[in-house]
Amino acid sequence: TVLIGRFLDYLPFAVGSVFISFWIFGIYKKSWRLFAIEDYITYFFASIVGSVLLFFCILVFSTTMIFPPLFYIFFQLTIFFSLILSRSSFLVFQLITDRETRKNGKRVLILGTGPDGEIAYQWIKDHPQLNMRLVGFISESQSLRARKIHGLSVFGGSNEIAKILLVGKIEGIIVSPDVQKTDSMVTQIIDQCLSHGCWVKKVTLVISDLSKLEL
């Protein structure tokens with residue numbers, strides 16, 4: 001009880017130390033919809049740095065060592081597991097909500113992982129009448145490989161598309177609005193999809209001037 005009371009006196013320093021550590025490791029820049037194994041390592045070191053910063057803050061503003069070494073270890077582990085649980089709970093919740101809509105339907109992939117890929121994902125999710133089962137995303141970005149977006153895997157691009165289509169039994173590809181057909185990578189993917197009997201459709205966004213249209 002005494003230890004908790006002392007910790008509450010230094011709570012602003014604890015919060016500040018954690019914020020600074022998260023900023024140093026770029027955790028605030030990471031998208032919460034993405035989650036990969038390497039994030040565990042980042043979170044682990046960020047929690048260590050946060051605990052060390054708290055130690056030095058207390059060392060500067062206190063004349064005595066008011067917390068035992070085990071306290072800082074406990075503080076570090078609390079930060080670490082809090083991050084893991086918060087990110088994992090987000091993923092688990094997404095998997096549960098999408099479970100029913102992903103049971104049946106045509107197996108499709110979304111080409112594109114940017115904001116427009118997000119729009120394509122949300123559109124398919126909100127319109128079950130399309131009868132599409134999202135299997136994952138296609139991206140040329142190496143940084144997204146082995147990651148999850150809304151619980152769906154991110155696969156490789158033109159070099160791996162043939163294998164992905166066969167193994168995943170993919171029936172169609174949804175191209176996000178920002179993906180341009182003139183891109184050589186996109187052209188290769190489309191050609192390989194068509195050669196494997198896989199249809200390709202593109203999501204388009206149109207802004208119309210209602211003042212010039214008959215309602």
# chains A, B, ... in the order shown; residues from 1 in each chain; ligands from 1
call {"tool": "residues_around", "arguments": {"residues": "Ala120 in chain A", "least_positions_apart": "4", "cutoff": "12 Å", "atoms": "only C-alpha atoms", "output": "list in words"}}
result
Val108, Leu109, Ile110, Leu111, Gly112, Thr113, Gly114, Pro115, Asp116, Ile124, Lys125, Asp126, His127, Met132, Leu134, Gly136, Phe137, Ile173, Ile174, Val175, Ser176, Pro177, Asp178, Val179, Lys201, Lys202, Val203, Thr204 and Leu205 of chain A
call {"tool": "select_by_dssp", "arguments": {"residues": "range 5-207 of chain A", "states": "strand (DSSP E or B)", "output": "count of residues only"}}
result
29
call {"tool": "residues_around", "arguments": {"residues": "Leu165 in chain A", "least_positions_apart": "4", "cutoff": "8 Å", "atoms": "only C-alpha atoms", "output": "PyMOL selection string"}}
result
chain A and resi 161+169-171+193+196
call {"tool": "atom_distance", "arguments": {"atom1": "CA of Leu144 in chain A", "atom2": "CA of Phe25 in chain A"}}
result
17.9 Å
call {"tool": "residues_around", "arguments": {"residues": "Phe13 in chain A", "least_positions_apart": "4", "cutoff": "12 Å", "atoms": "only C-alpha atoms", "output": "list in words"}}
result
Phe7, Leu8, Asp9, Ser17, Val18, Phe19, Ile20, Gly50, Ser51, Val52, Leu53, Leu54, Phe55, Phe56, Cys57, Ile58, Leu59, Val60 and Phe61 of chain A
call {"tool": "closest_residue", "arguments": {"among": "A:Val135, A:Arg107, A:Ile24, A:Ile41", "to": "Phe81 in chain A", "atoms": "only C-alpha atoms"}}
result
A:Ile41
call {"tool": "atom_distance", "arguments": {"atom1": "CA of Gly5 in chain A", "atom2": "CA of Phe71 in chain A"}}
result
13.4 Å
call {"tool": "select_by_dssp", "arguments": {"residues": "range 137-182 of chain A", "states": "alpha helix (DSSP H)", "output": "PyMOL selection string"}}
result
chain A and resi 161-167
call {"tool": "write_last_selection", "arguments": {"atoms": "C-alpha atoms", "output": "short mmCIF file (atom, residue, chain, number, x, y, z; two decimals), in the first residue's frame"}}
result
data_model
loop_
_atom_site.label_atom_id
_atom_site.label_comp_id
_atom_site.auth_asym_id
_atom_site.auth_seq_id
_atom_site.Cartn_x
_atom_site.Cartn_y
_atom_site.Cartn_z
CA ILE A 161 0.78 -14.16 -57.52
CA ALA A 162 0.64 -17.46 -59.49
CA LYS A 163 1.42 -19.50 -56.36
CA ILE A 164 -1.01 -17.45 -54.26
CA LEU A 165 -3.86 -18.04 -56.72
CA LEU A 166 -3.33 -21.80 -56.76
CA VAL A 167 -2.68 -22.39 -53.06
#
call {"tool": "closest_residue", "arguments": {"among": "A:Pro69, A:Arg87, A:Gln192, A:Arg133", "to": "Lys148 in chain A", "atoms": "only C-alpha atoms"}}
result
A:Arg87
